[in-house]
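Undergrad: Contents of input-v4.txt (compact mmCIF, C-alpha atoms and all ligand atoms) are given next:
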```txt
# COMPACT_ATOMS: atom_id res chain seq x y z
CA MET O 1 0.00 0.00 0.00
CA ASN O 2 2.90 2.37 0.72
CA ASN O 3 3.69 2.54 -2.98
CA LYS O 4 0.44 4.45 -3.43
CA VAL O 5 1.59 7.20 -1.09
CA ARG O 6 3.65 10.21 -2.12
CA ILE O 7 5.07 12.88 0.15
CA VAL O 8 4.73 16.37 -1.31
CA LEU O 9 6.89 19.19 0.07
CA VAL O 10 5.74 22.63 -0.98
CA ASN O 11 8.25 25.46 -1.50
CA THR O 12 10.79 24.13 0.98
CA SER O 13 13.40 26.76 1.95
CA HIS O 14 16.05 24.66 3.63
CA PRO O 15 17.52 21.85 1.53
CA GLY O 16 18.52 20.11 4.77
CA ASN O 17 14.84 19.57 5.46
CA ILE O 18 14.40 17.91 2.06
CA GLY O 19 17.23 15.51 2.94
CA GLY O 20 15.79 14.94 6.42
CA ALA O 21 12.37 14.21 4.97
CA ALA O 22 13.86 11.72 2.46
CA ARG O 23 15.64 9.92 5.27
CA ALA O 24 12.49 9.82 7.43
CA MET O 25 10.55 8.39 4.49
CA LYS O 26 13.09 5.73 3.61
CA ASN O 27 13.33 4.61 7.26
CA MET O 28 9.60 3.93 7.16
CA GLY O 29 9.45 2.31 3.72
CA LEU O 30 8.16 5.25 1.67
CA ASP O 31 10.01 6.27 -1.48
CA ARG O 32 7.98 8.72 -3.55
CA LEU O 33 9.04 12.30 -2.94
CA TYR O 34 7.54 15.24 -4.82
CA LEU O 35 9.03 18.71 -4.53
CA VAL O 36 6.95 21.73 -5.48
CA SER O 37 9.28 24.63 -6.41
CA PRO O 38 11.95 23.94 -3.83
CA LYS O 39 14.09 27.04 -3.11
CA ILE O 40 17.38 25.11 -3.46
CA PHE O 41 17.51 21.69 -5.11
CA PRO O 42 19.53 19.62 -5.77
CA SER O 43 21.98 20.45 -3.01
CA GLU O 44 24.87 19.03 -1.03
CA GLU O 45 23.06 19.88 2.19
CA ALA O 46 20.08 17.73 1.19
CA ILE O 47 22.37 14.83 0.25
CA SER O 48 24.23 15.03 3.53
CA ARG O 49 21.05 15.17 5.65
CA ALA O 50 19.53 12.30 3.66
CA SER O 51 22.32 9.95 4.85
CA GLY O 52 21.66 6.80 2.84
CA ALA O 53 18.43 8.03 1.28
CA THR O 54 20.03 9.77 -1.71
CA ASP O 55 18.18 7.42 -4.08
CA LEU O 56 14.93 9.11 -3.02
CA LEU O 57 16.44 12.52 -3.80
CA GLU O 58 17.67 11.32 -7.19
CA LYS O 59 14.25 10.13 -8.25
CA ALA O 60 12.32 12.97 -6.57
CA VAL O 61 9.78 14.56 -8.90
CA VAL O 62 10.25 18.33 -9.07
CA VAL O 63 7.23 20.33 -10.25
CA GLU O 64 6.20 23.98 -10.37
CA THR O 65 2.81 23.83 -8.69
CA LEU O 66 0.90 21.84 -6.12
CA GLU O 67 -1.73 21.12 -8.78
CA GLU O 68 0.83 19.20 -10.83
CA ALA O 69 1.99 17.23 -7.81
CA ILE O 70 -1.50 16.03 -6.92
CA ALA O 71 -3.27 15.90 -10.31
CA ASP O 72 -3.44 12.08 -10.49
CA CYS O 73 -4.17 11.57 -6.76
CA GLN O 74 -7.49 10.33 -5.46
CA LEU O 75 -6.93 11.38 -1.86
CA VAL O 76 -5.05 14.49 -0.73
CA VAL O 77 -4.20 15.05 2.92
CA GLY O 78 -2.69 18.39 3.95
CA THR O 79 -0.74 18.97 7.14
CA SER O 80 -1.23 22.00 9.31
CA ALA O 81 0.44 23.16 12.49
CA ARG O 82 -2.49 25.35 13.50
CA GLU O 83 -6.21 25.81 13.02
CA ARG O 84 -7.37 27.74 10.00
CA HIS O 85 -10.32 30.06 9.50
CA ILE O 86 -12.70 27.73 7.74
CA PRO O 87 -12.97 24.39 9.55
CA TRP O 88 -12.12 21.39 7.40
CA PRO O 89 -12.37 17.64 8.05
CA LEU O 90 -9.56 17.28 10.57
CA VAL O 91 -7.79 14.07 11.63
CA ASP O 92 -4.76 13.12 13.70
CA PRO O 93 -1.82 11.23 12.13
CA ARG O 94 -3.15 7.81 13.16
CA GLN O 95 -6.56 8.51 11.70
CA ALA O 96 -4.85 9.81 8.56
CA ALA O 97 -2.94 6.54 8.22
CA ASP O 98 -6.25 4.68 8.71
CA LEU O 99 -7.80 6.63 5.86
CA VAL O 100 -4.87 5.93 3.56
CA TYR O 101 -5.10 2.21 4.27
CA LYS O 102 -8.84 1.88 4.31
CA GLU O 103 -9.32 3.63 1.02
CA GLY O 104 -6.26 2.20 -0.77
CA LEU O 105 -6.29 5.25 -3.01
CA GLU O 106 -3.48 7.06 -4.78
CA THR O 107 -2.61 9.46 -1.97
CA ALA O 108 -0.61 12.66 -1.46
CA LEU O 109 0.51 13.83 1.98
CA VAL O 110 1.25 17.52 1.58
CA PHE O 111 3.65 19.48 3.77
CA GLY O 112 4.08 23.26 3.85
CA ARG O 113 6.79 25.89 4.01
CA GLU O 114 8.99 26.12 7.07
CA ASP O 115 8.03 29.74 7.75
CA ARG O 116 4.30 29.82 7.00
CA GLY O 117 3.04 26.34 6.22
CA LEU O 118 0.48 25.82 3.46
CA THR O 119 -1.66 28.69 2.17
CA ASN O 120 -5.42 28.55 2.72
CA GLU O 121 -5.83 27.95 -0.99
CA GLU O 122 -3.46 24.98 -0.88
CA LEU O 123 -5.18 23.58 2.19
CA GLN O 124 -8.51 23.84 0.42
CA ARG O 125 -7.21 21.50 -2.27
CA CYS O 126 -7.01 18.77 0.39
CA HIS O 127 -9.77 16.32 1.30
CA TYR O 128 -8.56 16.19 4.90
CA HIS O 129 -6.28 18.16 7.15
CA VAL O 130 -4.04 16.41 9.59
CA HIS O 131 -2.74 18.04 12.72
CA ILE O 132 -0.04 16.44 14.84
CA PRO O 133 -1.37 17.12 18.34
CA SER O 134 1.51 19.22 19.61
CA ILE O 135 0.97 21.69 22.46
CA GLU O 136 -0.86 24.83 21.43
CA SER O 137 1.77 27.31 22.62
CA PHE O 138 4.53 25.67 20.50
CA SER O 139 2.68 23.73 17.85
CA SER O 140 4.97 23.79 14.84
CA LEU O 141 7.32 20.82 14.31
CA ASN O 142 10.38 20.85 12.10
CA LEU O 143 9.28 19.90 8.59
CA ALA O 144 11.29 16.66 8.43
CA ALA O 145 10.09 15.73 11.93
CA ALA O 146 6.48 16.17 10.79
CA VAL O 147 7.19 13.93 7.78
CA GLN O 148 8.64 11.39 10.22
CA VAL O 149 5.49 11.30 12.36
CA LEU O 150 3.18 10.72 9.41
CA SER O 151 5.50 8.16 7.81
CA TYR O 152 5.77 6.30 11.10
CA GLU O 153 2.01 6.01 11.43
CA LEU O 154 1.81 4.65 7.89
CA ARG O 155 4.52 2.14 8.69
CA MET O 156 2.65 0.99 11.79
CA LYS O 157 -0.46 0.46 9.69
CA SER O 158 1.39 -1.64 7.14
CA LEU O 159 3.01 -3.72 9.90
CA LEU O 160 -0.37 -4.23 11.52
CA ALA O 161 -1.74 -5.39 8.20
CA ILE O 162 0.78 -8.23 8.10
CA GLY O 163 0.42 -8.86 11.86
CA ASP O 164 4.00 -8.06 12.71
CA THR O 165 3.92 -5.27 15.27
CA THR O 166 3.84 -6.85 18.67
CA VAL O 167 6.85 -7.47 20.81
CA GLN O 168 5.00 -10.57 21.96
CA SER O 169 5.24 -12.15 18.52
CA LYS O 170 9.04 -11.91 18.70
CA TRP O 171 9.23 -13.36 22.23
CA ASP O 172 11.73 -16.21 22.52
CA VAL O 173 9.31 -18.60 24.28
CA PRO O 174 5.65 -19.24 23.40
CA ALA O 175 3.03 -17.73 25.71
CA ALA O 176 1.57 -20.05 28.35
CA SER O 177 -1.90 -21.42 27.67
CA VAL O 178 -4.87 -20.89 29.98
CA GLU O 179 -4.61 -24.54 31.01
CA GLN O 180 -0.90 -24.26 31.87
CA VAL O 181 -1.51 -21.21 34.06
CA ASP O 182 -4.51 -22.94 35.69
CA TYR O 183 -2.40 -26.00 36.56
CA MET O 184 0.32 -23.76 37.96
CA LEU O 185 -2.25 -21.92 40.13
CA GLU O 186 -3.65 -25.25 41.39
CA HIS O 187 -0.10 -26.32 42.19
CA LEU O 188 0.51 -23.02 44.01
CA GLU O 189 -2.66 -23.45 46.05
CA LYS O 190 -1.67 -27.00 46.99
CA VAL O 191 1.77 -25.84 48.16
CA MET O 192 0.37 -22.88 50.08
CA LEU O 193 -1.98 -25.23 51.91
CA LEU O 194 0.96 -27.54 52.58
CA THR O 195 3.08 -24.74 54.03
CA GLU O 196 0.00 -23.38 55.83
CA PHE O 197 0.31 -20.01 54.19
CA LEU O 198 -3.25 -20.61 53.09
CA ASP O 199 -5.88 -21.47 55.65
CA PRO O 200 -8.51 -23.72 54.02
CA ASN O 201 -11.16 -21.86 56.02
CA THR O 202 -10.28 -18.37 54.71
CA PRO O 203 -12.12 -16.89 51.77
CA ARG O 204 -10.59 -17.69 48.41
CA GLN O 205 -9.64 -14.08 47.65
CA VAL O 206 -5.95 -14.97 47.96
CA MET O 207 -6.18 -17.27 44.96
CA THR O 208 -8.16 -14.67 43.02
CA ARG O 209 -5.43 -12.12 43.66
CA PHE O 210 -2.72 -14.56 42.62
CA ARG O 211 -4.67 -15.33 39.46
CA ARG O 212 -4.93 -11.64 38.69
CA LEU O 213 -1.20 -11.18 39.32
CA PHE O 214 -0.12 -14.02 37.04
CA GLN O 215 -2.61 -13.14 34.31
CA ARG O 216 -1.31 -9.59 34.34
CA ALA O 217 2.22 -10.93 33.89
CA GLN O 218 1.23 -12.87 30.76
CA LEU O 219 3.60 -15.71 31.58
CA ASP O 220 5.44 -17.66 28.93
CA GLN O 221 5.79 -21.46 29.03
CA HIS O 222 9.30 -21.35 30.40
CA GLU O 223 8.27 -19.06 33.25
CA VAL O 224 5.37 -21.36 34.15
CA GLY O 225 7.85 -24.26 34.15
CA MET O 226 10.20 -22.39 36.51
CA LEU O 227 7.39 -21.55 38.92
CA ARG O 228 6.25 -25.19 38.89
CA GLY O 229 9.85 -26.22 39.60
CA VAL O 230 10.07 -23.92 42.63
CA LEU O 231 6.74 -25.27 43.93
CA THR O 232 7.91 -28.86 43.50
CA SER O 233 11.14 -28.07 45.36
CA ILE O 234 9.08 -26.71 48.28
CA GLU O 235 6.91 -29.87 48.27
CA LYS O 236 10.06 -31.98 48.51
CA LEU O 237 11.18 -30.13 51.65
CA LYS O 238 7.93 -30.79 53.45
N1 LIG L 301 4.53 28.43 10.88
C1 LIG L 301 3.97 27.41 10.06
C2 LIG L 301 4.52 26.08 10.43
C3 LIG L 301 5.26 25.47 9.36
S1 LIG L 301 6.09 24.05 9.87
C4 LIG L 301 2.48 27.37 10.24
O1 LIG L 301 2.01 28.00 11.15
O2 LIG L 301 1.78 26.69 9.51
C5 LIG L 301 6.36 23.31 8.31
C6 LIG L 301 5.40 22.20 7.98
O3 LIG L 301 5.60 21.11 8.87
C7 LIG L 301 3.95 22.52 8.06
O4 LIG L 301 3.47 23.19 6.92
C8 LIG L 301 3.37 21.14 8.13
O5 LIG L 301 3.44 20.54 6.87
C9 LIG L 301 4.36 20.45 9.05
N2 LIG L 301 3.97 20.56 10.46
C10 LIG L 301 4.66 21.17 11.45
N3 LIG L 301 4.02 21.06 12.62
C11 LIG L 301 2.90 20.35 12.37
C12 LIG L 301 1.82 19.88 13.18
N4 LIG L 301 1.75 20.12 14.48
N5 LIG L 301 0.85 19.16 12.59
C13 LIG L 301 0.88 18.90 11.27
N6 LIG L 301 1.87 19.32 10.46
C14 LIG L 301 2.87 20.03 11.00
```
Mind turning this structure into structure tokens?

TA:
Amino acid sequence: MNNKVRIVLVNTSHPGNIGGAARAMKNMGLDRLYLVSPKIFPSEEAISRASGATDLLEKAVVVETLEEAIADCQLVVGTSARERHIPWPLVDPRQAADLVYKEGLETALVFGREDRGLTNEELQRCHYHVHIPSIESFSSLNLAAAVQVLSYELRMKSLLAIGDTTVQSKWDVPAASVEQVDYMLEHLEKVMLLTEFLDPNTPRQVMTRFRRLFQRAQLDQHEVGMLRGVLTSIEKLK
């Protein structure tokens, strides 16, 4: 899906920001950069800030107007650091990434000038506006940093789509099953009765609290095995 997304930078003043944006994009698997009348391009500064993303700079499409950059797009999302006069459909970066994925349309994410953002006219060319929820008193991010935030959200969406985001899925040991945790809790109860930590006449809240504790921990199979081993070693002492 990311190959349907282009990043459009309008009238960028500092070539370093173009390089920074290219790097941010490449880190997150995006590679289509459009530059609308950049002040200075190509430039050494852009190449140096791009680090290894010079390929994106080399194939960047340079055009005169925003219209040219978005003519063949089906969805245009403009970024804005502050609220504008006429309210427009407004989303946050995560919702913007949702839209891009849900619709699967040829999409442009449009970024404005460092000093004054996008003009009202340019913003009105966009179907949606996206605002990164920065604090009101200091709301404007560096251009390349804003590109990073949007690209990151797109990356998270594409990872989610292939089910590859969770740390859990890269865990070295499989998660314990309900049954394995239940057996461990039964074992724990038996040992606590044996050691007289648990009084058979007390309410069973203790076991409920232990269950809550171990469920919160989301034990893996190795951890359940270790706990069972400790319990068995206590049984042997008795
Ligand atoms: N002073 C300008 C800010 C420009 S910052 C203004 O008031 O609009 C340069 C560009 O970075 C913006 O045009 C936008 O594309 C992006 N950007 C910076 N901060 C942002 C934010 N909080 N939300 C969305 N985009 C932002």

Undergrad: Do a neighbour search on Leu150 of chain O at 12 Å with all atoms listed in the file, toss out local chain neighbours closer than 4 positions, and write the hits as a PyMOL selection string.

TA: chain O and resi 5-7+21+24-25+28-30+77-79+91-98+100+108-111+130-133+141+143-146+154-157

Undergrad: Rounded to one decimal in Å, what is the spacing between atom CA of Leu9 of chain O and atom CA of Val36 of chain O?

TA: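 Distance between the two atoms: 6.1 Å.
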
Undergrad: Go ahead and fit an axis-aligned box to every listed atom of segment 210-225 of chain O plus 5 Å each side, and pass me the centre and edge lengths in Å, one decimal, as lines of an AutoDock Vina configuration file.

TA:
```
center_x = 2.2
center_y = -16.9
center_z = 35.8
size_x = 24.2
size_y = 24.7
size_z = 23.7
```

Undergrad: Identify, on the basis of only C-alpha atoms, every residue whose closest approach to Asp182 of chain O does not exceed 10 Å; exclude the query and any residue fewer than 6 positions from it along the same chain; express the result as a ChimeraX atom specification.

TA: /O:176,188,211

Undergrad: Report, in Å with one decimal, the straight-line distance from atom CA of Asn11 of chain O to atom CA of Asp115 of chain O.

TA: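 Separation between atom CA of Asn11 of chain O and atom CA of Asp115 of chain O: 10.2 Å.
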
Undergrad: Could you state the separation of atom CA of Arg84 of chain O and atom CA of Val10 of chain O in Å, given to one decimal place?

TA: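 Atom CA of Arg84 of chain O sits 17.8 Å away from atom CA of Val10 of chain O.
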
Undergrad: Would you kindly place N, CA, C and O atoms on segment 4-16 of chain O and return the model as a compact mmCIF listing (two decimals), in the coordinates of the input?

TA:
```
# COMPACT_ATOMS: atom_id res chain seq x y z
N LYS O 4 1.49 3.53 -2.93
CA LYS O 4 0.44 4.45 -3.43
C LYS O 4 0.52 5.80 -2.75
O LYS O 4 -0.31 6.68 -2.98
N VAL O 5 1.49 5.96 -1.86
CA VAL O 5 1.59 7.20 -1.09
C VAL O 5 2.78 8.02 -1.56
O VAL O 5 3.89 7.50 -1.68
N ARG O 6 2.54 9.30 -1.81
CA ARG O 6 3.65 10.21 -2.12
C ARG O 6 3.69 11.31 -1.05
O ARG O 6 2.66 11.69 -0.50
N ILE O 7 4.90 11.75 -0.76
CA ILE O 7 5.07 12.88 0.15
C ILE O 7 5.37 14.10 -0.71
O ILE O 7 6.28 14.07 -1.55
N VAL O 8 4.58 15.15 -0.52
CA VAL O 8 4.73 16.37 -1.31
C VAL O 8 5.22 17.50 -0.40
O VAL O 8 4.55 17.83 0.58
N LEU O 9 6.37 18.06 -0.71
CA LEU O 9 6.89 19.19 0.07
C LEU O 9 6.73 20.45 -0.77
O LEU O 9 7.26 20.53 -1.88
N VAL O 10 6.03 21.42 -0.22
CA VAL O 10 5.74 22.63 -0.98
C VAL O 10 6.72 23.74 -0.62
O VAL O 10 6.84 24.12 0.56
N ASN O 11 7.43 24.23 -1.64
CA ASN O 11 8.25 25.46 -1.50
C ASN O 11 9.25 25.41 -0.35
O ASN O 11 9.43 26.41 0.36
N THR O 12 9.87 24.28 -0.16
CA THR O 12 10.79 24.13 0.98
C THR O 12 11.97 25.10 0.86
O THR O 12 12.58 25.22 -0.21
N SER O 13 12.29 25.78 1.96
CA SER O 13 13.40 26.76 1.95
C SER O 13 14.74 26.10 2.22
O SER O 13 15.73 26.40 1.56
N HIS O 14 14.76 25.22 3.21
CA HIS O 14 16.05 24.66 3.63
C HIS O 14 16.28 23.27 3.03
O HIS O 14 15.55 22.33 3.34
N PRO O 15 17.29 23.15 2.18
CA PRO O 15 17.52 21.85 1.53
C PRO O 15 17.79 20.74 2.55
O PRO O 15 17.48 19.58 2.29
N GLY O 16 18.31 21.11 3.72
CA GLY O 16 18.52 20.11 4.77
C GLY O 16 17.22 19.41 5.14
O GLY O 16 17.19 18.22 5.43
```
